[in-house]
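The data block below is coords-v9.txt; it holds compact mmCIF, C-alpha atoms and all ligand atoms.
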# COMPACT_ATOMS: atom_id res chain seq x y z
CA MET A 259 109.49 111.22 113.09
CA GLN A 260 110.08 107.46 112.89
CA GLU A 261 108.39 107.03 116.26
CA TYR A 262 105.12 108.60 115.02
CA ILE A 263 105.21 106.54 111.83
CA GLU A 264 105.70 103.30 113.73
CA LYS A 265 102.93 104.16 116.19
CA ILE A 266 100.44 104.99 113.43
CA THR A 267 101.30 101.79 111.56
CA MET A 268 100.80 99.79 114.78
CA CYS A 269 97.46 101.50 115.62
CA VAL A 270 96.10 100.84 112.12
CA TYR A 271 97.42 97.28 112.14
CA LYS A 272 95.93 96.49 115.56
CA GLY A 273 92.81 98.64 115.13
CA LYS A 274 93.43 101.08 118.00
CA VAL A 275 91.21 104.02 117.07
CA LYS A 276 91.30 106.29 120.15
CA ARG A 277 92.75 106.31 123.63
CA THR A 278 89.30 105.41 125.00
CA SER A 279 88.82 102.45 122.62
CA VAL A 280 88.60 99.19 124.54
CA PHE A 281 90.05 97.25 121.61
CA PRO A 282 92.72 95.89 121.47
CA PRO A 283 92.95 95.03 125.19
CA ASP A 284 96.77 95.00 125.16
CA MET A 285 96.80 98.70 124.15
CA LYS A 286 94.46 99.84 126.95
CA ASP A 287 95.09 103.45 128.11
CA GLN A 288 97.47 104.11 125.21
CA ASP A 289 96.89 106.84 122.62
CA GLY A 290 95.17 105.66 119.45
CA ALA A 291 95.49 106.60 115.77
CA ASP A 292 93.30 109.66 116.39
CA GLU A 293 95.46 111.30 119.08
CA ILE A 294 98.77 110.26 117.50
CA ALA A 295 97.78 111.77 114.12
CA VAL A 296 96.92 115.11 115.78
CA ASP A 297 100.19 115.12 117.68
CA ALA A 298 102.22 114.11 114.61
CA LEU A 299 100.73 116.90 112.47
CA LYS A 300 101.45 119.43 115.24
CA ASN A 301 105.05 118.22 115.13
CA ASN A 302 105.24 118.79 111.36
CA ILE A 303 105.17 115.15 110.29
CA SER A 304 103.98 115.29 106.67
CA PRO A 305 100.44 114.11 105.77
CA LYS A 306 102.05 111.92 103.08
CA ALA A 307 104.24 110.15 105.69
CA LEU A 308 101.17 109.52 107.87
CA LEU A 309 99.27 108.19 104.89
CA ASP A 310 102.12 105.80 104.02
CA ALA A 311 102.17 104.62 107.64
CA CYS A 312 98.44 103.86 107.44
CA MET A 313 98.86 101.95 104.19
CA LEU A 314 101.60 99.86 105.77
CA GLY A 315 99.29 98.98 108.69
CA MET A 316 96.49 98.10 106.26
CA ASP A 317 98.81 95.93 104.17
CA LYS A 318 99.93 94.06 107.27
CA ILE A 319 96.37 93.31 108.46
CA GLY A 320 95.37 92.41 104.89
CA LYS A 321 98.25 89.94 104.71
CA ASP A 322 97.31 88.40 108.10
CA PHE A 323 93.72 88.08 106.86
CA SER A 324 94.77 86.29 103.68
CA GLU A 325 96.90 83.92 105.79
CA HIS A 326 93.90 83.27 108.10
CA LYS A 327 95.66 84.94 111.03
CA ALA A 328 93.04 87.72 111.30
CA PHE A 329 89.25 87.99 111.07
CA VAL A 330 86.89 90.39 109.27
CA THR A 331 86.42 92.18 112.61
CA ASN A 332 90.13 92.96 112.57
CA LEU A 333 89.73 94.53 109.11
CA VAL A 334 86.82 96.59 110.45
CA VAL A 335 88.73 98.01 113.42
CA SER A 336 91.81 98.66 111.27
CA ALA A 337 89.64 100.53 108.78
CA GLY A 338 88.25 102.55 111.71
CA ALA A 339 91.77 103.50 112.81
CA MET A 340 92.79 104.50 109.28
CA ASN A 341 89.62 106.59 108.91
CA ALA A 342 90.46 108.36 112.18
CA VAL A 343 93.79 109.43 110.66
CA LEU A 344 92.20 110.36 107.30
CA ARG A 345 89.77 112.75 109.04
CA HIS A 346 92.77 114.79 110.19
CA LEU A 347 94.48 114.60 106.78
CA LYS A 348 91.38 115.73 104.86
CA PRO A 349 92.04 119.50 105.11
CA TYR A 350 95.60 118.98 103.80
CA MET A 351 94.52 116.73 100.94
CA GLU A 352 91.71 119.05 99.90
CA SER A 353 93.63 122.32 100.07
CA GLY A 354 93.80 122.65 96.28
CA GLU A 355 92.88 125.60 94.10
CA VAL A 356 89.48 127.07 94.85
CA GLN A 357 88.56 127.47 91.20
CA ARG A 358 87.52 124.06 89.90
CA LYS A 359 89.07 122.61 86.74
CA GLY A 360 86.28 120.15 86.01
CA LYS A 361 83.97 117.53 87.52
CA PHE A 362 84.86 114.02 88.57
CA VAL A 363 82.24 111.41 89.47
CA ILE A 364 83.56 108.57 91.64
CA GLY A 365 82.18 105.45 93.31
CA THR A 366 83.02 101.92 94.41
CA VAL A 367 81.32 99.44 92.09
CA ALA A 368 78.23 97.32 92.86
CA GLY A 369 78.67 94.63 95.50
CA ASP A 370 81.83 96.22 96.91
CA LEU A 371 81.80 97.98 100.28
CA HIS A 372 85.48 98.99 100.38
CA ASP A 373 85.54 102.77 100.37
CA ILE A 374 88.76 103.88 102.07
CA GLY A 375 90.82 103.95 98.85
CA LYS A 376 87.95 105.59 96.95
CA ASN A 377 87.64 108.26 99.68
CA LEU A 378 91.36 108.92 99.49
CA VAL A 379 91.23 109.27 95.71
CA ALA A 380 88.24 111.64 96.08
CA MET A 381 90.17 113.80 98.57
CA ILE A 382 93.31 113.98 96.45
CA ILE A 383 91.39 114.75 93.25
CA THR A 384 89.50 117.48 95.14
CA GLY A 385 92.89 118.81 96.24
CA GLY A 386 93.99 118.66 92.61
CA GLY A 387 91.35 121.27 91.80
CA TYR A 388 88.34 119.21 90.65
CA GLU A 389 84.76 119.15 91.92
CA VAL A 390 84.19 115.59 93.08
CA ILE A 391 80.77 113.99 93.07
CA ASP A 392 81.16 111.01 95.40
CA LEU A 393 78.48 108.36 94.90
CA GLY A 394 79.72 106.21 97.80
CA ALA A 395 80.21 102.43 97.80
CA ASP A 396 78.18 99.60 96.23
CA VAL A 397 77.19 101.87 93.34
CA SER A 398 74.98 100.40 90.62
CA THR A 399 75.70 101.03 86.95
CA GLN A 400 72.45 102.99 86.73
CA LYS A 401 73.55 105.31 89.53
CA PHE A 402 76.82 106.00 87.65
CA LEU A 403 74.88 106.66 84.44
CA ASP A 404 72.45 109.04 86.20
CA ALA A 405 75.28 111.02 87.81
CA ILE A 406 77.17 111.29 84.51
CA GLY A 407 73.97 112.45 82.76
CA LYS A 408 73.53 115.18 85.39
CA ASN A 409 77.15 116.33 85.08
CA PRO A 410 77.94 116.79 81.39
CA GLY A 411 81.65 116.92 80.56
CA CYS A 412 82.69 115.09 83.74
CA SER A 413 85.21 112.27 83.97
CA VAL A 414 84.42 109.19 86.03
CA GLY A 415 86.37 106.99 88.44
CA LEU A 416 85.49 103.45 89.51
CA SER A 417 87.04 101.57 92.39
CA ALA A 418 86.98 97.80 93.05
CA LEU A 419 88.79 95.90 95.81
CA LEU A 420 87.47 92.39 95.24
CA THR A 421 88.23 90.03 92.39
CA THR A 422 84.50 89.22 92.37
CA THR A 423 83.47 92.87 91.89
CA MET A 424 85.86 93.35 88.98
CA GLN A 425 82.94 91.94 86.97
CA SER A 426 80.71 94.80 88.17
CA MET A 427 83.45 97.18 87.08
CA ASP A 428 83.59 95.56 83.64
CA LYS A 429 79.80 95.85 83.26
CA SER A 430 79.68 99.48 84.46
CA VAL A 431 82.57 100.60 82.24
CA LYS A 432 81.04 98.98 79.15
CA LEU A 433 77.61 100.57 79.74
CA ILE A 434 79.11 103.98 80.57
CA LYS A 435 81.14 103.88 77.33
CA GLN A 436 78.06 102.79 75.35
CA SER A 437 75.86 105.56 76.77
CA PHE A 438 78.52 108.32 76.88
CA PRO A 439 81.20 107.43 74.29
CA GLY A 440 83.23 110.63 74.87
CA ILE A 441 83.62 110.22 78.62
CA LYS A 442 86.97 109.33 80.17
CA VAL A 443 86.80 106.41 82.58
CA LEU A 444 89.49 105.91 85.21
CA ILE A 445 89.73 102.73 87.26
CA GLY A 446 91.66 101.61 90.33
CA GLY A 447 91.75 99.31 93.34
CA ALA A 448 94.05 96.55 94.56
CA PRO A 449 93.10 93.73 92.11
CA VAL A 450 92.89 96.04 89.07
CA SER A 451 95.75 96.31 86.56
CA HIS A 452 96.81 97.95 83.30
CA ASN A 453 95.89 94.75 81.48
CA PHE A 454 92.41 94.64 82.97
CA CYS A 455 91.98 98.31 82.08
CA SER A 456 92.60 97.73 78.38
CA GLN A 457 90.61 94.48 78.45
CA ILE A 458 87.41 96.24 79.66
CA GLY A 459 87.89 99.38 77.56
CA ALA A 460 88.57 101.88 80.38
CA ASP A 461 90.83 104.83 79.56
CA PHE A 462 93.22 104.93 82.48
CA TYR A 463 94.41 102.79 85.37
CA SER A 464 96.51 104.00 88.24
CA PRO A 465 97.55 102.32 91.49
CA ASN A 466 97.22 105.66 93.28
CA ALA A 467 95.38 108.97 93.15
CA TYR A 468 98.27 111.26 92.26
CA GLU A 469 98.74 109.78 88.79
CA ALA A 470 94.99 110.14 88.27
CA VAL A 471 95.26 113.89 88.92
CA ASP A 472 98.13 114.13 86.37
CA TYR A 473 95.97 112.28 83.84
CA LEU A 474 92.95 114.54 84.42
CA ASN A 475 95.18 117.61 84.07
CA LYS A 476 96.50 116.24 80.76
CA ILE A 477 93.08 115.57 79.26
CA ILE A 478 91.80 119.07 80.02
CA ALA A 479 95.00 120.75 78.75
C1 LIG D 501 89.72 97.36 105.21
C2 LIG D 501 89.30 96.14 104.42
C3 LIG D 501 87.97 95.74 104.54
C4 LIG D 501 86.90 96.54 105.27
C5 LIG D 501 86.52 97.74 104.36
C6 LIG D 501 86.11 98.96 105.18
C7 LIG D 501 85.90 100.17 104.28
N1 LIG D 501 85.06 101.05 104.76
O1 LIG D 501 86.46 100.30 103.22
C8 LIG D 501 85.75 95.50 105.45
C9 LIG D 501 85.86 94.85 106.80
C10 LIG D 501 84.33 96.04 105.28
C11 LIG D 501 86.12 94.46 104.40
C12 LIG D 501 85.23 93.50 103.98
C13 LIG D 501 85.57 92.47 103.11
N2 LIG D 501 86.77 92.22 102.61
CO1 LIG D 501 88.25 93.44 102.73
N3 LIG D 501 89.94 94.33 102.98
C14 LIG D 501 90.26 95.41 103.63
C15 LIG D 501 91.78 95.66 103.50
C16 LIG D 501 92.48 95.15 104.78
C17 LIG D 501 92.23 97.09 103.25
C18 LIG D 501 91.59 97.81 102.07
C19 LIG D 501 91.97 99.27 102.16
O2 LIG D 501 91.19 100.08 102.66
N4 LIG D 501 93.22 99.60 101.78
C20 LIG D 501 93.77 100.97 101.91
C21 LIG D 501 93.34 101.81 100.69
C22 LIG D 501 93.84 103.23 100.86
O3 LIG D 501 93.92 101.24 99.55
P1 LIG D 501 93.11 100.86 98.21
O4 LIG D 501 91.68 100.65 98.52
O5 LIG D 501 93.84 99.81 97.48
O6 LIG D 501 93.15 102.23 97.36
C23 LIG D 501 94.33 102.75 96.77
C24 LIG D 501 94.59 102.23 95.34
O7 LIG D 501 94.10 100.94 95.09
C25 LIG D 501 94.01 103.28 94.44
N5 LIG D 501 92.60 103.25 94.09
C26 LIG D 501 91.54 102.67 94.68
N6 LIG D 501 90.42 102.93 94.04
C27 LIG D 501 90.73 103.72 92.99
C28 LIG D 501 89.96 104.29 91.99
C29 LIG D 501 90.56 105.07 91.00
C30 LIG D 501 89.74 105.70 89.96
C31 LIG D 501 91.98 105.27 91.02
C32 LIG D 501 92.62 106.09 89.98
C33 LIG D 501 92.76 104.69 92.03
C34 LIG D 501 92.14 103.92 93.00
O8 LIG D 501 94.25 104.47 95.16
C35 LIG D 501 94.10 104.23 96.57
C36 LIG D 501 95.08 105.10 97.30
O9 LIG D 501 96.40 104.81 96.94
C37 LIG D 501 92.12 94.76 102.24
C38 LIG D 501 93.56 94.25 102.14
C39 LIG D 501 94.45 95.23 101.43
N7 LIG D 501 95.66 95.39 101.94
O10 LIG D 501 94.07 95.83 100.42
C40 LIG D 501 91.07 93.66 102.38
C41 LIG D 501 90.62 92.90 101.15
C42 LIG D 501 90.42 93.83 99.96
N8 LIG D 501 89.27 92.33 101.57
C43 LIG D 501 89.10 91.14 101.16
C44 LIG D 501 87.92 90.37 101.43
C45 LIG D 501 87.93 88.93 100.96
C46 LIG D 501 86.81 90.95 102.07
C47 LIG D 501 85.47 90.26 102.38
C48 LIG D 501 84.91 89.38 101.24
C49 LIG D 501 85.66 89.46 103.69
C50 LIG D 501 84.48 88.62 104.12
N9 LIG D 501 84.70 87.31 104.13
O11 LIG D 501 83.43 89.14 104.44
C51 LIG D 501 84.54 91.47 102.68
C52 LIG D 501 83.81 91.98 101.41
C53 LIG D 501 82.76 93.01 101.73
C54 LIG D 501 82.25 93.66 100.45
N10 LIG D 501 81.15 93.18 99.92
O12 LIG D 501 82.86 94.59 99.95
C55 LIG D 501 90.26 90.62 100.33
C56 LIG D 501 89.94 90.62 98.82
C57 LIG D 501 90.46 89.36 98.15
C58 LIG D 501 90.13 89.38 96.69
N11 LIG D 501 91.19 89.23 95.92
O13 LIG D 501 89.02 89.52 96.27
C59 LIG D 501 91.43 91.58 100.75
C60 LIG D 501 92.49 91.83 99.66
C61 LIG D 501 92.08 90.93 102.02
C62 LIG D 501 92.87 89.67 101.70
N12 LIG D 501 94.19 89.78 101.65
O14 LIG D 501 92.32 88.61 101.51
N13 LIG D 501 87.38 94.59 104.00
Any chance you could put this one into structure tokens?
Ligand code: B12
Amino acid sequence: MQEYIEKITMCVYKGKVKRTSVFPPDMKDQDGADEIAVDALKNNISPKALLDACMLGMDKIGKDFSEHKAFVTNLVVSAGAMNAVLRHLKPYMESGEVQRKGKFVIGTVAGDLHDIGKNLVAMIITGGGYEVIDLGADVSTQKFLDAIGKNPGCSVGLSALLTTTMQSMDKSVKLIKQSFPGIKVLIGGAPVSHNFCSQIGADFYSPNAYEAVDYLNKIIA
């Protein structure tokens, strides 16, 4: 088990997507995140353990980047490797109840292209039994408002990964609350916190998707 975990972490950290990927040169002809994830799942390694391994790889490359030891291109290839693993985890994450408990609109806020965390939250909330309407990344306030208008009774989730786009989140939350006072707004993303959540008038903050599912279950109960 530990061997798979370490290999996935390394592939995500170094950005080794597939065996045939030419990058990174020092991992030429080795299996990538794609093949290792398939093999690990066949050998009953849990999707959660693989996900944690990916997060560890992402944290490591993020730390290198903030210390100027890695470039944006490294972030891009690492994201590619993590996405390769997520594609295999999708069926597990989404294997929730077939009957839907409610609707959940989600998007990454304007100016922000980070969508891996948002995609993960969308998968887990789908698995939690909700119909997810995924608006993608770099979503304008108007696009959120339109989607909420078309899906009465939904809850909404906003993701932001940059300190700069926390302002977009603030703006979107305020306008959503003004236009649809009854709607529950959930927020998340690395720079977001409980404090920021109460400051901008959102209803719920969580550092991960599982707590968001618990919250949604509570509000419909
Ligand atoms: C991959 C990555 C990229 C990729 C994104 C690819 C993609 N398709 O998403 C690319 C290369 C595009 C990128 C670009 C940039 N990035 Co970047 N990136 C990262 C990195 C390494 C990982 C992010 C990630 O995917 N994490 C894994 C996911 C699963 O975690 P997550 O997003 O946090 O989501 C979890 C929780 O936060 C929560 N969650 C998230 N959203 C929501 C929503 C709700 C409702 C809920 C309940 C929960 C929730 O649940 C998720 C699952 O647990 C981070 C560093 C890091 N460790 O976070 C930097 C990081 C976020 N990037 C950073 C920067 C600076 C940039 C750039 C500005 C770089 C540049 N000079 O161009 C650009 C900005 C582009 C833009 N306009 O958005 C900085 C941000 C610094 C800051 N404080 O603002 C970071 C922190 C790196 C660093 N240490 O400096 N990046």
Near-segment 301-307 of chain A list (12 Å; all atoms listed in the file; drop same-chain fewer than 6 positions) as a ChimeraX atom specification: /A:259-264,266-267,294-295,313-314,343-352,378,382,468
Close residues to ligand LIG 501 (chain D) using all atoms listed in the file, limit 6 Å, as a count of residues only: 40
Near-Ala291 of chain A list (6 Å; only C-alpha atoms; drop same-chain fewer than 6 positions) as a list in words: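 My reading of the contact set: Ile266, Cys269, Val275 and Ala339 of chain A.
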Could you write those residues out with C-alpha atoms, as a JSON list (two decimals), keeping the file's coordinate frame?
[["chain", "number", "residue", "atom", "x", "y", "z"],
["A", 266, "ILE", "CA", 100.44, 104.99, 113.43],
["A", 269, "CYS", "CA", 97.46, 101.50, 115.62],
["A", 275, "VAL", "CA", 91.21, 104.02, 117.07],
["A", 339, "ALA", "CA", 91.77, 103.50, 112.81]]
Within 10 Å of Gln400 of chain A using only C-alpha atoms, minus same-chain residues under 3 positions, as a ChimeraX atom specification: /A:397,403-406,430,433-434
Between atom CA of Lys442 of chain A and atom CA of Met427 of chain A - distance in Å to one decimal: 14.4 Å
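Distance check against Thr423 of chain A using only C-alpha atoms: of A:Ser336, A:Glu325, A:Val450, A:Asp310, the minimum falls on A:Val450.
Closest approach to Gly338 of chain A from the set A:Gln457, A:Ser279, A:Gln288, A:Asn409 is made by A:Ser279, with distances taken over only C-alpha atoms.
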Segment 393-409 of chain A, all listed atoms, 6 Å padding on each side: what axis-aligned box centre and edge lengths in Å to one decimal come out, as lines of an AutoDock Vina configuration file?
center_x = 76.3
center_y = 108.0
center_z = 90.3
size_x = 19.8
size_y = 28.7
size_z = 27.0
Atomic distance atom CA of Asn475 of chain A - atom CA of Asp428 of chain A, expressed in Å with one decimal: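 Distance between the two atoms: 24.9 Å.
Between atom CA of Asp292 of chain A and atom CA of Asp322 of chain A the interatomic distance comes to 23.2 Å.
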